[in-house]
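Have a look at the structure below, then the notes.
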Amino acid sequence: MADTLLNFSIPLDVNVLEQVVSSVYGGDPQQMTAASQTLSQLSERIQGEDAGSALNWFRVDNILESPTLSSNTKFYALQILEAAIKYRWKTLPAEQQAGIKNFIVTLVIQKSSSDETYRSEKVFMTKLNVILVQIVKQEWPHNWPSFISDIVHSSKTNETLCENNMSILKLLSEEVFDFSRDEMTSAKAKKLKESFNADFSLIFQLCEYILANSSKQSLLIMTFQTLLKFLNWIPLVYIFETALVKTLVYKFLPVPAYRNDVLACLTEVGSLDIGNIYESVTSEIGAAYDQHFEALFTEVATAICVGVGGQPPPIVQPDTDMAAAFNSGSDTDQTFIQNLGLFFSCFFRQHLPIAEKAAHSNPTLLQSAMGLLVLISHVDDMELFKICLEYWNVLTSDLYHTECQFQPPPQSALVLTPTVSPASSPRLQLYAPILSKLRVLMVSRMAKPEEVLIVEDENGEIVRETMKDSDAIMMYKTMRETLVYLTHLNYDDTENIMLEKLQYQVDGTQWSWHNLNTLCWAIGSISGAMSEEDEKRFLVTVIKDLLGLCEMKRGKDNKAVVASNIMYVVGQYPRFLRAHWKFLKTVVNKLFEFMHELHPGVQDMACDTFLKISQKCRRKFVVLQVGEAMPFIDELCLNLRAIISDLEPGQVHVFYEALGYMVSAQADAPTRDGLLMKLMELPNQMWQDILSQAKQTNGESLKEATTMKHLQNIVRTNERIAMALGHPYMVQLGHIYVDLLNVYKAYSELINQSITSGQNNMVLHTSGVRAMRAVKKETLRVLDTFIEKSEDNELVLTKFVPPLLDPVLGDYVRSIPLSRDPEVLSLFTSLINKLQSQMTQEVPRVFEAVFKCTLDMITQNFEDFPEHRSNLFNLLRAINHHCFPALLTAQSNFTLIIESIKWAFKHTERNVAETGLHTLLELLQNVQASQSHVMNGFYQNYYLGLLQDVFSVLTDTLHKPGFKLQVMILSHLFLAVESNAITCPLWPQDGSVTATSNPQYLRELLLQMLSSSFPNMSQSQLTTTINGWFECCKDQASFKQHLRDFLVQLKEFGDSTELYAEERQAELDSKASDLRKRQEAVPGLINPHARHDLDMSDT
């Protein structure tokens, strides 16, 4: 059957096609798979043939007109036709184009003239409309100038036909204005937009005609949905200088069947930004449109809150419980509530000053609308809440920056606390009741912060969180920022709300885990938003009440919830803790208590909180405080074993990291070194005991599982100390360095012995060998961390590198591929990045040991050894960047290096491909900066191969994310030729090619290469494209746009979103930078653990 269907030398047997399609939808699994493969092969064969001949053989018209074929078969035929129109329309003969166009138009009219047929074949009609729009994109306006007038005039003959025509116009608007950036060349998109604007008066007249004369519900809804697509680009005269808005508000908004689509249209109008539409807005134009937007707000808000035209009843009754209405309402009701939230939040966000201007004459209307938005914000729908929250964030930020005057409080020169004078701020008085409701909303719905590890599961039990909720974390950040602004705007109100809710928890009237959690998360979120005096008074009350609650509550779950909230709150107020030693000591001792609490998550959170407090208050622990017999860290050393006795190894590592931060605060080096050795007594003693036992047993004890586990934990503890302490960790590392390398070497030998004695590679998966490898990996990580933190390059180069090379590199090259540790590559990458050119002499040895053997491991396929492949190319990039002369000395390996870079940027793993492109670009820059004979020799050997391979990844479908770097590399290669920087001939010197210059030869080569690869593009198109590349290679932006236009014309780039990734990323980076500056200017807006405190080391 498949052979018959794929044989183009005989006429297409539609009955066989019907059987194959039917098997896809109704056969057994084996038949379905075979049939799917056959249809895929048929599609590929048709795409590979000449488009005109293929469509003459696969007669779509005959298939669609056949009464015996199923709808699935007809749908498949439409897919074939759509692909031909979308990608190969210009290769079809003119008469065939006209025939297809006339056939589709006739079929669309025929199917949509009957309401019954139109409804019953809705999916089929949607596909037909999509195909017609694809034809319109190819033919209009140059070959089909009357398209808009044709569709408008035909619409007045039949309501069903009119409905379908509106659907076609909607699709066309989406294609031209929403998707054109990624689907069309910039010139084509510009032409279509101009054509749409020129003919829009006809379309608008049709919309007016329908709204005035039709009563058919489905047609009106389709008209609203089509209008929605037009509203963000049509000339504003059609919106504001016609009766459109009034018609929507007065005639259709009150009708339940239409109100959701009408509100969507009104939301689009309310979101319009005049500043973006007009490049320069005069005051007259601005004032005129302000009046229009004011009228829009007044009419819509009046209709919803008072009644249409000011005549009751309102569409929404005042004080309706929107959360309850949403929960009990139908889908249509829920959508209406969502659309209400969207309209008001979008309008206020864009035009709040206009709404406030209207409030001068009618303040109740603005307050009613804002109050309704607060009620909608209580709805238990996450997406709706996010929409409302974004607006509340904008409002509170605006009020803070415009209504608060900055005055440095007397108690601190570092914290700016705004003061509000209600009497002098009518605007704040207008919003005061809304803001108070908003504070209650924020406190009662506060999202869970990332630091809280204890959650309530679906069974109502308190458990440790197993997975981070990224949505909740993002929401917390926005809610935190909003509540900080609200606190600045009226600190007393915020404090009263929080303390009242806390009192309800203490007396039990509103006790629940959820209520306590949200309250404490809110309390923690406003850290830094108040003066130190206010903060002290507030926190003393909060902490005392929470500690009392902890003593009062019974039951492990209750205690765990209260404990987690205590830890979160105290962890958020390091400024308060630094200023009040007694409280700090009480809190830390309470954390030590919680470290013995075995409820899941409590110990983790206690250790994490202790770490954060240690980072922010480190200095307080190493100096002698008033009333204390010794610095706290000395007292901690005495009780260290007891404090950590119930902690798991991972928690102990966090604990030691916290100790590392404390030790780092000691400015006196000898004292700091003594403290470090005192804190490390426990792990160092265990280390010595293990080594002594190993010597006594001739290394046999190293094979014991408990020994390996202890070694792993000891080394990991050292790694966390190194991370926290930085360069001063050198004292501890020097104490264990030689023994550490000996242990590494011993485990290397034991692993190799196990492999040699084993029958296969399965020995690597035994628990013993896995534990040995874990010790080796931890050793490499601690060395990596120390090197990264080190501040004495000479010391590292002379004292730490020489003993390292043989045990680590020698073991790597001698091991079988499966037992090689990728951390070795990472370690030497860190070394080269740290020591830079100082490592040049050592590079050949490193290269010889790891490069060839690792390359053999990873080039078998694209899946095995993922860490090795990523780390190897990072190492190669580091060598190229810092030690380029070392690569030139290894000429025998240079071709292998180039091939490996090519292999990297062809990789399907994005990180590897990106590293390969970065390495190639930096290599080309290094070559360009080299002597001319080096540069010419390089380009003569590798230029053409690199050009071809970069073009291959540029034009496939797997490497779109690398577009930015691909552009930079290609512009570099083109510029090297165009500027005549390359003086040697790039063409073969055997006489097989006749060329006079590199630019001429390259143009001819590219034309030949692209013609054979992309037959759907004509010679003239390709010639123009290639000439454009050479002309624009000096201008990066222009060169990039030429490449985009070329790629959009290729079939492979039907979805080209990644081509604009660089611009999107630049916009995101700019926004992030602006956001950070804005946050730094507002006290409390940045999380206390994310900001750098100048007073962190104050005594």
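Ordered as shown in the structure tokens, chains take letters A, B, and onward, while each chain numbers its residues from 1 and ligands are numbered from 1 in the order shown.
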
Which residues are near range 964-971 of chain A? Cut-off 12 Å, only C-alpha atoms, ignore same chain within fewer than 5 positions. Put them as a PDB file with N, CA and C atoms, in the first residue's frame.
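Heads up, here's the output in selection_0.pdb:
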```pdb
ATOM      1  N   PHE A 905      29.959  23.575  18.046  1.00  0.00           N
ATOM      2  CA  PHE A 905      28.869  24.474  17.683  1.00  0.00           C
ATOM      3  C   PHE A 905      27.791  23.790  16.842  1.00  0.00           C
ATOM      4  N   LYS A 906      28.058  22.558  16.409  1.00  0.00           N
ATOM      5  CA  LYS A 906      26.999  21.773  15.754  1.00  0.00           C
ATOM      6  C   LYS A 906      26.201  20.955  16.761  1.00  0.00           C
ATOM      7  N   ALA A 913      26.838  24.166  22.258  1.00  0.00           N
ATOM      8  CA  ALA A 913      26.879  24.882  20.983  1.00  0.00           C
ATOM      9  C   ALA A 913      27.282  26.345  21.190  1.00  0.00           C
ATOM     10  N   GLU A 914      26.762  26.953  22.250  1.00  0.00           N
ATOM     11  CA  GLU A 914      27.069  28.357  22.516  1.00  0.00           C
ATOM     12  C   GLU A 914      28.545  28.522  22.899  1.00  0.00           C
ATOM     13  N   THR A 915      29.063  27.588  23.700  1.00  0.00           N
ATOM     14  CA  THR A 915      30.485  27.642  24.071  1.00  0.00           C
ATOM     15  C   THR A 915      31.349  27.493  22.823  1.00  0.00           C
ATOM     16  N   GLY A 916      30.952  26.575  21.915  1.00  0.00           N
ATOM     17  CA  GLY A 916      31.693  26.394  20.667  1.00  0.00           C
ATOM     18  C   GLY A 916      31.731  27.666  19.838  1.00  0.00           C
ATOM     19  N   LEU A 917      30.591  28.355  19.734  1.00  0.00           N
ATOM     20  CA  LEU A 917      30.544  29.603  18.962  1.00  0.00           C
ATOM     21  C   LEU A 917      31.381  30.695  19.627  1.00  0.00           C
ATOM     22  N   HIS A 918      31.288  30.807  20.956  1.00  0.00           N
ATOM     23  CA  HIS A 918      32.111  31.792  21.679  1.00  0.00           C
ATOM     24  C   HIS A 918      33.596  31.518  21.436  1.00  0.00           C
ATOM     25  N   THR A 919      33.973  30.237  21.524  1.00  0.00           N
ATOM     26  CA  THR A 919      35.383  29.864  21.348  1.00  0.00           C
ATOM     27  C   THR A 919      35.857  30.212  19.948  1.00  0.00           C
ATOM     28  N   LEU A 920      35.024  29.909  18.943  1.00  0.00           N
ATOM     29  CA  LEU A 920      35.403  30.201  17.554  1.00  0.00           C
ATOM     30  C   LEU A 920      35.558  31.710  17.352  1.00  0.00           C
ATOM     31  N   LEU A 921      34.617  32.486  17.872  1.00  0.00           N
ATOM     32  CA  LEU A 921      34.690  33.944  17.700  1.00  0.00           C
ATOM     33  C   LEU A 921      35.961  34.488  18.356  1.00  0.00           C
ATOM     34  N   GLU A 922      36.271  34.027  19.568  1.00  0.00           N
ATOM     35  CA  GLU A 922      37.470  34.504  20.263  1.00  0.00           C
ATOM     36  C   GLU A 922      38.739  34.022  19.552  1.00  0.00           C
ATOM     37  N   LEU A 923      38.679  32.806  18.982  1.00  0.00           N
ATOM     38  CA  LEU A 923      39.829  32.296  18.223  1.00  0.00           C
ATOM     39  C   LEU A 923      40.072  33.169  16.989  1.00  0.00           C
ATOM     40  N   LEU A 924      38.993  33.525  16.287  1.00  0.00           N
ATOM     41  CA  LEU A 924      39.132  34.377  15.101  1.00  0.00           C
ATOM     42  C   LEU A 924      39.711  35.743  15.486  1.00  0.00           C
ATOM     43  N   GLN A 925      39.282  36.260  16.619  1.00  0.00           N
ATOM     44  CA  GLN A 925      39.811  37.560  17.076  1.00  0.00           C
ATOM     45  C   GLN A 925      41.290  37.443  17.436  1.00  0.00           C
ATOM     46  N   TYR A 943      39.357  28.658   6.447  1.00  0.00           N
ATOM     47  CA  TYR A 943      38.303  29.646   6.196  1.00  0.00           C
ATOM     48  C   TYR A 943      37.062  29.020   5.557  1.00  0.00           C
ATOM     49  N   LEU A 944      37.245  28.335   4.442  1.00  0.00           N
ATOM     50  CA  LEU A 944      36.095  27.828   3.689  1.00  0.00           C
ATOM     51  C   LEU A 944      35.316  26.790   4.494  1.00  0.00           C
ATOM     52  N   LEU A 946      35.116  26.563   7.793  1.00  0.00           N
ATOM     53  CA  LEU A 946      34.392  27.247   8.859  1.00  0.00           C
ATOM     54  C   LEU A 946      33.167  27.966   8.315  1.00  0.00           C
ATOM     55  N   LEU A 947      33.328  28.643   7.171  1.00  0.00           N
ATOM     56  CA  LEU A 947      32.199  29.369   6.585  1.00  0.00           C
ATOM     57  C   LEU A 947      31.041  28.424   6.277  1.00  0.00           C
ATOM     58  N   GLN A 948      31.372  27.314   5.656  1.00  0.00           N
ATOM     59  CA  GLN A 948      30.323  26.357   5.280  1.00  0.00           C
ATOM     60  C   GLN A 948      29.645  25.773   6.518  1.00  0.00           C
ATOM     61  N   ASP A 949      30.412  25.442   7.537  1.00  0.00           N
ATOM     62  CA  ASP A 949      29.819  24.824   8.727  1.00  0.00           C
ATOM     63  C   ASP A 949      28.988  25.821   9.539  1.00  0.00           C
ATOM     64  N   VAL A 950      29.417  27.083   9.598  1.00  0.00           N
ATOM     65  CA  VAL A 950      28.607  28.085  10.305  1.00  0.00           C
ATOM     66  C   VAL A 950      27.301  28.314   9.553  1.00  0.00           C
ATOM     67  N   PHE A 951      27.357  28.340   8.220  1.00  0.00           N
ATOM     68  CA  PHE A 951      26.124  28.474   7.443  1.00  0.00           C
ATOM     69  C   PHE A 951      25.201  27.273   7.642  1.00  0.00           C
ATOM     70  N   SER A 952      25.786  26.095   7.828  1.00  0.00           N
ATOM     71  CA  SER A 952      24.944  24.897   8.002  1.00  0.00           C
ATOM     72  C   SER A 952      24.150  24.971   9.310  1.00  0.00           C
ATOM     73  N   VAL A 953      24.768  25.478  10.392  1.00  0.00           N
ATOM     74  CA  VAL A 953      24.008  25.598  11.645  1.00  0.00           C
ATOM     75  C   VAL A 953      23.092  26.816  11.626  1.00  0.00           C
ATOM     76  N   LEU A 954      23.465  27.835  10.849  1.00  0.00           N
ATOM     77  CA  LEU A 954      22.612  29.021  10.737  1.00  0.00           C
ATOM     78  C   LEU A 954      21.274  28.671  10.091  1.00  0.00           C
ATOM     79  N   THR A 955      21.311  27.758   9.115  1.00  0.00           N
ATOM     80  CA  THR A 955      20.102  27.491   8.322  1.00  0.00           C
ATOM     81  C   THR A 955      19.384  26.204   8.701  1.00  0.00           C
ATOM     82  N   HIS A 959      19.610  25.109  15.773  1.00  0.00           N
ATOM     83  CA  HIS A 959      20.601  25.997  16.382  1.00  0.00           C
ATOM     84  C   HIS A 959      20.191  27.468  16.342  1.00  0.00           C
ATOM     85  N   ALA A 976      36.763  40.043   6.856  1.00  0.00           N
ATOM     86  CA  ALA A 976      38.161  39.680   6.604  1.00  0.00           C
ATOM     87  C   ALA A 976      38.448  39.601   5.103  1.00  0.00           C
ATOM     88  N   VAL A 977      37.446  39.168   4.330  1.00  0.00           N
ATOM     89  CA  VAL A 977      37.600  39.090   2.868  1.00  0.00           C
ATOM     90  C   VAL A 977      37.357  40.446   2.231  1.00  0.00           C
ATOM     91  N   GLU A 978      36.267  41.098   2.606  1.00  0.00           N
ATOM     92  CA  GLU A 978      35.872  42.361   1.974  1.00  0.00           C
ATOM     93  C   GLU A 978      36.906  43.462   2.208  1.00  0.00           C
ATOM     94  N   SER A 979      37.552  43.453   3.378  1.00  0.00           N
ATOM     95  CA  SER A 979      38.549  44.486   3.678  1.00  0.00           C
ATOM     96  C   SER A 979      39.942  44.123   3.171  1.00  0.00           C
ATOM     97  N   GLY A1028      24.289  41.859  -0.477  1.00  0.00           N
ATOM     98  CA  GLY A1028      23.900  42.607   0.725  1.00  0.00           C
ATOM     99  C   GLY A1028      24.778  42.255   1.909  1.00  0.00           C
ATOM    100  N   TRP A1029      25.120  40.978   2.050  1.00  0.00           N
ATOM    101  CA  TRP A1029      25.992  40.561   3.168  1.00  0.00           C
ATOM    102  C   TRP A1029      27.351  41.244   3.092  1.00  0.00           C
ATOM    103  N   PHE A1030      27.936  41.258   1.880  1.00  0.00           N
ATOM    104  CA  PHE A1030      29.256  41.870   1.743  1.00  0.00           C
ATOM    105  C   PHE A1030      29.196  43.375   1.978  1.00  0.00           C
ATOM    106  N   GLU A1031      28.131  44.007   1.495  1.00  0.00           N
ATOM    107  CA  GLU A1031      28.012  45.458   1.648  1.00  0.00           C
ATOM    108  C   GLU A1031      27.789  45.872   3.105  1.00  0.00           C
ATOM    109  N   CYS A1032      27.100  44.992   3.868  1.00  0.00           N
ATOM    110  CA  CYS A1032      26.707  45.370   5.240  1.00  0.00           C
ATOM    111  C   CYS A1032      27.595  44.777   6.319  1.00  0.00           C
ATOM    112  N   CYS A1033      28.648  44.054   5.955  1.00  0.00           N
ATOM    113  CA  CYS A1033      29.394  43.322   6.988  1.00  0.00           C
ATOM    114  C   CYS A1033      30.102  44.244   7.979  1.00  0.00           C
ATOM    115  N   LYS A1034      30.265  45.527   7.620  1.00  0.00           N
ATOM    116  CA  LYS A1034      30.879  46.465   8.562  1.00  0.00           C
ATOM    117  C   LYS A1034      29.865  46.985   9.577  1.00  0.00           C
ATOM    118  N   ASP A1035      28.580  46.875   9.247  1.00  0.00           N
ATOM    119  CA  ASP A1035      27.511  47.359  10.117  1.00  0.00           C
ATOM    120  C   ASP A1035      26.785  46.152  10.707  1.00  0.00           C
ATOM    121  N   GLN A1036      27.060  45.852  11.975  1.00  0.00           N
ATOM    122  CA  GLN A1036      26.533  44.636  12.591  1.00  0.00           C
ATOM    123  C   GLN A1036      25.006  44.561  12.535  1.00  0.00           C
ATOM    124  N   ALA A1037      24.323  45.676  12.838  1.00  0.00           N
ATOM    125  CA  ALA A1037      22.858  45.672  12.876  1.00  0.00           C
ATOM    126  C   ALA A1037      22.271  45.418  11.494  1.00  0.00           C
ATOM    127  N   SER A1038      22.816  46.082  10.493  1.00  0.00           N
ATOM    128  CA  SER A1038      22.317  45.910   9.121  1.00  0.00           C
ATOM    129  C   SER A1038      22.603  44.495   8.615  1.00  0.00           C
ATOM    130  N   PHE A1039      23.797  43.990   8.922  1.00  0.00           N
ATOM    131  CA  PHE A1039      24.173  42.629   8.508  1.00  0.00           C
ATOM    132  C   PHE A1039      23.214  41.607   9.131  1.00  0.00           C
ATOM    133  N   LYS A1040      22.884  41.831  10.401  1.00  0.00           N
ATOM    134  CA  LYS A1040      21.973  40.919  11.105  1.00  0.00           C
ATOM    135  C   LYS A1040      20.589  40.929  10.463  1.00  0.00           C
ATOM    136  N   GLN A1041      20.093  42.124  10.086  1.00  0.00           N
ATOM    137  CA  GLN A1041      18.766  42.208   9.470  1.00  0.00           C
ATOM    138  C   GLN A1041      18.749  41.515   8.108  1.00  0.00           C
ATOM    139  N   HIS A1042      19.843  41.626   7.356  1.00  0.00           N
ATOM    140  CA  HIS A1042      19.924  40.922   6.067  1.00  0.00           C
ATOM    141  C   HIS A1042      19.865  39.419   6.272  1.00  0.00           C
ATOM    142  N   LEU A1043      20.582  38.938   7.281  1.00  0.00           N
ATOM    143  CA  LEU A1043      20.545  37.496   7.561  1.00  0.00           C
ATOM    144  C   LEU A1043      19.148  37.058   7.992  1.00  0.00           C
ATOM    145  N   ARG A1044      18.476  37.882   8.813  1.00  0.00           N
ATOM    146  CA  ARG A1044      17.109  37.546   9.236  1.00  0.00           C
ATOM    147  C   ARG A1044      16.183  37.419   8.033  1.00  0.00           C
ATOM    148  N   LEU A1047      16.783  34.220   6.243  1.00  0.00           N
ATOM    149  CA  LEU A1047      16.303  33.043   6.944  1.00  0.00           C
ATOM    150  C   LEU A1047      14.781  32.937   6.936  1.00  0.00           C
ATOM    151  N   GLU A1058      13.654  33.037  17.635  1.00  0.00           N
ATOM    152  CA  GLU A1058      14.998  33.169  18.204  1.00  0.00           C
ATOM    153  C   GLU A1058      15.831  34.212  17.458  1.00  0.00           C
ATOM    154  N   LEU A1059      15.396  34.628  16.248  1.00  0.00           N
ATOM    155  CA  LEU A1059      16.184  35.587  15.487  1.00  0.00           C
ATOM    156  C   LEU A1059      16.205  36.957  16.164  1.00  0.00           C
ATOM    157  N   TYR A1060      15.249  37.193  17.062  1.00  0.00           N
ATOM    158  CA  TYR A1060      15.193  38.471  17.769  1.00  0.00           C
ATOM    159  C   TYR A1060      15.543  38.307  19.248  1.00  0.00           C
ATOM    160  N   ALA A1061      16.163  37.167  19.582  1.00  0.00           N
ATOM    161  CA  ALA A1061      16.466  36.877  20.990  1.00  0.00           C
ATOM    162  C   ALA A1061      17.413  37.917  21.581  1.00  0.00           C
ATOM    163  N   GLU A1062      18.381  38.408  20.772  1.00  0.00           N
ATOM    164  CA  GLU A1062      19.362  39.361  21.303  1.00  0.00           C
ATOM    165  C   GLU A1062      18.675  40.661  21.719  1.00  0.00           C
ATOM    166  N   GLU A1063      17.766  41.161  20.852  1.00  0.00           N
ATOM    167  CA  GLU A1063      17.059  42.402  21.187  1.00  0.00           C
ATOM    168  C   GLU A1063      16.200  42.213  22.428  1.00  0.00           C
ATOM    169  N   ARG A1064      15.536  41.045  22.494  1.00  0.00           N
ATOM    170  CA  ARG A1064      14.691  40.774  23.667  1.00  0.00           C
ATOM    171  C   ARG A1064      15.543  40.724  24.935  1.00  0.00           C
ATOM    172  N   GLN A1065      16.715  40.066  24.838  1.00  0.00           N
ATOM    173  CA  GLN A1065      17.584  39.944  26.004  1.00  0.00           C
ATOM    174  C   GLN A1065      18.122  41.309  26.423  1.00  0.00           C
ATOM    175  N   ALA A1066      18.478  42.147  25.425  1.00  0.00           N
ATOM    176  CA  ALA A1066      18.975  43.490  25.745  1.00  0.00           C
ATOM    177  C   ALA A1066      17.900  44.302  26.459  1.00  0.00           C
TER     178      ALA A1066
END
```

Fewer than 4 positions away in the same chain doesn't count, so skip those; otherwise give me all residues within 12 Å of Pro807 in chain A, counting only C-alpha atoms, as a list in words.
-> Val738, Asp739, Leu740, Leu741, Asn742, Val743, Tyr744, Lys745, Ala746, Tyr747, Ser748, Glu749, Lys776, Thr779, Leu780, Val801, Pro802, Pro803, Asp811, Tyr812, Val813, Arg814, Ser815, Val824 and Ala849 of chain A

12 Å contact set for Gly945 in chain A, only C-alpha atoms, chain neighbours under 5 positions out, as a VMD selection string | chain A and resid 895 898 to 899 901 to 902 938 to 940 950 to 952 973 986 to 987

If you run DSSP on this backbone, which residues of range 26-194 of chain A come out as helix (DSSP H, G or I), and could you give them as an MDAnalysis selection string?
-> chainID A and resid 26 29:48 51:57 60:65 71:91 94:112 115:120 122:139 147:155 159:178 180:183 186:194

Find the residues around Ala774 in chain A up to 10 Å (only C-alpha atoms counted), leave out those fewer than 3 positions away in its own chain, and share them as a compact mmCIF listing (two decimals) with C-alpha atoms, in the first residue's frame.
```
# COMPACT_ATOMS: atom_id res chain seq x y z
CA MET A 708 34.47 6.63 52.64
CA LYS A 709 31.30 8.33 53.88
CA LEU A 711 35.92 11.24 54.15
CA GLN A 712 33.29 12.52 51.76
CA ASN A 713 31.65 14.58 54.52
CA TYR A 747 41.27 5.89 45.57
CA GLY A 768 32.06 0.84 46.91
CA VAL A 769 33.40 2.31 43.67
CA ARG A 770 30.70 4.99 43.64
CA ALA A 771 31.74 6.04 47.16
CA LYS A 777 34.90 14.43 43.21
CA GLU A 778 34.65 16.26 46.54
CA THR A 779 38.45 16.63 46.56
CA LEU A 780 38.40 18.22 43.13
CA ASP A 821 35.77 12.64 36.49
```

Atomic distance CA of Thr332 in chain A - CA of Ser112 in chain A, expressed in Å with one decimal | 27.5 Å

Residue neighbourhood Ser155 in chain A, 12 Å, only C-alpha atoms, exclusion window fewer than 3 positions, as an NGL selection string = :A and (109 or 112-113 or 148-152 or 158-169 or 202-203 or 205-207 or 209-210 or 219 or 223)

Could you give me, as a ChimeraX atom specification, the residues within 7 Å of range 714-724 of chain A, counting only C-alpha atoms and dropping anything in the same chain fewer than 4 positions from it?
-> /A:653,656-657,660-661,683,710,729,778-779,781-782,785-786

File dump, residues just selected, N, CA, C and O atoms, as a compact mmCIF listing (two decimals), in the first residue's frame:
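For reference, result12.txt as written:
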```txt
# COMPACT_ATOMS: atom_id res chain seq x y z
N HIS A 653 27.18 20.63 56.99
CA HIS A 653 27.95 21.41 56.01
C HIS A 653 27.48 22.86 55.99
O HIS A 653 28.30 23.79 55.94
N TYR A 656 28.79 24.61 59.10
CA TYR A 656 30.20 24.98 59.01
C TYR A 656 30.41 26.16 58.06
O TYR A 656 31.30 27.00 58.26
N GLU A 657 29.60 26.23 57.02
CA GLU A 657 29.70 27.40 56.14
C GLU A 657 29.39 28.68 56.92
O GLU A 657 30.06 29.71 56.76
N GLY A 660 32.29 29.62 58.83
CA GLY A 660 33.30 30.23 57.96
C GLY A 660 33.08 31.72 57.79
O GLY A 660 34.04 32.51 57.82
N TYR A 661 31.82 32.11 57.65
CA TYR A 661 31.53 33.55 57.52
C TYR A 661 31.88 34.29 58.82
O TYR A 661 32.37 35.42 58.79
N PRO A 683 36.48 17.90 62.54
CA PRO A 683 36.74 17.20 61.27
C PRO A 683 38.22 16.84 61.09
O PRO A 683 38.53 15.77 60.55
N HIS A 710 32.64 9.07 55.76
CA HIS A 710 33.24 10.10 56.63
C HIS A 710 34.17 11.02 55.84
O HIS A 710 34.14 12.25 56.00
N TYR A 729 41.34 30.43 53.91
CA TYR A 729 41.21 28.97 54.04
C TYR A 729 42.54 28.28 53.73
O TYR A 729 42.74 27.12 54.08
N GLU A 778 34.66 15.23 45.50
CA GLU A 778 34.65 16.26 46.54
C GLU A 778 36.03 16.90 46.68
O GLU A 778 36.15 18.11 46.92
N THR A 779 37.08 16.10 46.51
CA THR A 779 38.45 16.63 46.56
C THR A 779 38.67 17.65 45.46
O THR A 779 39.20 18.74 45.68
N ARG A 781 36.41 19.36 43.96
CA ARG A 781 35.56 20.54 44.18
C ARG A 781 36.16 21.49 45.21
O ARG A 781 36.09 22.71 45.05
N VAL A 782 36.74 20.93 46.29
CA VAL A 782 37.32 21.81 47.30
C VAL A 782 38.52 22.56 46.72
O VAL A 782 38.74 23.75 47.02
N THR A 785 37.14 25.31 44.45
CA THR A 785 36.62 26.43 45.23
C THR A 785 37.75 27.29 45.78
O THR A 785 37.70 28.53 45.72
N PHE A 786 38.79 26.65 46.30
CA PHE A 786 39.91 27.42 46.85
C PHE A 786 40.59 28.25 45.76
O PHE A 786 40.92 29.43 45.97
```

Surrounding residues of range 69-73 of chain A excluding itself and chain neighbours under 2 positions, 12 Å, only C-alpha atoms, as a VMD selection string | chain A and resid 13 to 26 39 60 62 to 67 75 to 80 120 to 125 127
